[in-house]
Amino acid sequence: MKEIALHVLDLLQNSVEAGASRVSIDITEDAAMDRLVVEVRDDGRGMQPCVRDRVFDPFVTTRRTRRVGLGLPLLAAAARQAGGEVKVESSPGRGTTVTASFGLTHLDRAPLGDMAATLIAVLAANPQLKLNYRYRRDGGETSFDTEAIERRMGSVPWGEPRVALWARDAIRFGLAEPPEPIPGPARDKGR
Ligand SMILES: Nc1ncnc2c1ncn2[C@@H]1O[C@H](COP(=O)(O)OP(=O)(O)OP(=O)(O)O)[C@@H](O)[C@H]1O
Ligand SMILES: [Mg+2]
């Protein structure tokens, strides 16, 4: 069973491949509704309706390296297996929103996994990407917004190990407000 964070990694890769500059990831655990909802929204090039309508078919892909695209079909299977579903909204030139729902306590629901590692891997590979992550549960919320952090700190070298470690804790435990500038070479080098 694949962790949900790894499905999110696939979605973020789709967004990057679609030329997105800004991606938001919203995860909500709703105990009252027994639902876990994962939404990834990007401002990439979007999909033509004919692609969008068949996106759960593994033989639909616009990639050139191989003829099957498995990201969305596998996510749809994982959601269905846990009593949920996946919806894709997309408009060409404007962006795409993928919303996956799961039964929160369903026995066949995959664990959430390591969202912090996923986000950091994506940021390290795409330091210009603006990521806005929100995780809500039981009325509480943690968030991590690279734009808010960069407004405060200037450009951040997300791939640098010290920065990545700091960001991992910030994502896991939440930030009450954007942090103080990271001292030392991590900041001086900039990007
Ligand atoms: N966020 C997105 N923006 C624009 N197009 C998208 C997006 N996500 C998916 N697509 C389109 O849907 C197709 C299928 O996506 P899917 O993730 O299932 O497979 P893939 O990305 O082609 O291959 P794989 O995920 O196996 O590497 C993509 O090739 C792309 O054309
Ligand atoms: Mg994909």
# chains A, B, ... in the order shown; residues from 1 in each chain; ligands from 1

call {"tool": "residues_near_ligand", "arguments": {"ligand": "ligand 2", "cutoff": "8 Å", "atoms": "only C-alpha atoms and all ligand atoms", "output": "ChimeraX atom specification"}}
result
/A:10-11,13-14,69-72

call {"tool": "residues_near_ligand", "arguments": {"ligand": "ligand 1", "cutoff": "8 Å", "atoms": "only C-alpha atoms and all ligand atoms", "output": "number ranges by chain"}}
result
A: 10-20, 41-42, 44-47, 51-52, 55-58, 60-63, 68-74, 90, 95-98

call {"tool": "select_by_dssp", "arguments": {"residues": "region 56-191 of chain A", "states": "helix (DSSP H, G or I)", "output": "count of residues only"}}
result
48

call {"tool": "closest_residue", "arguments": {"among": "A:Trp158, A:Leu165, A:Ala82, A:Gly140", "to": "Thr105 (chain A)", "atoms": "only C-alpha atoms"}}
result
A:Ala82

call {"tool": "atom_distance", "arguments": {"atom1": "CA of His7 (chain A)", "atom2": "CA of Thr65 (chain A)"}}
result
20.0 Å
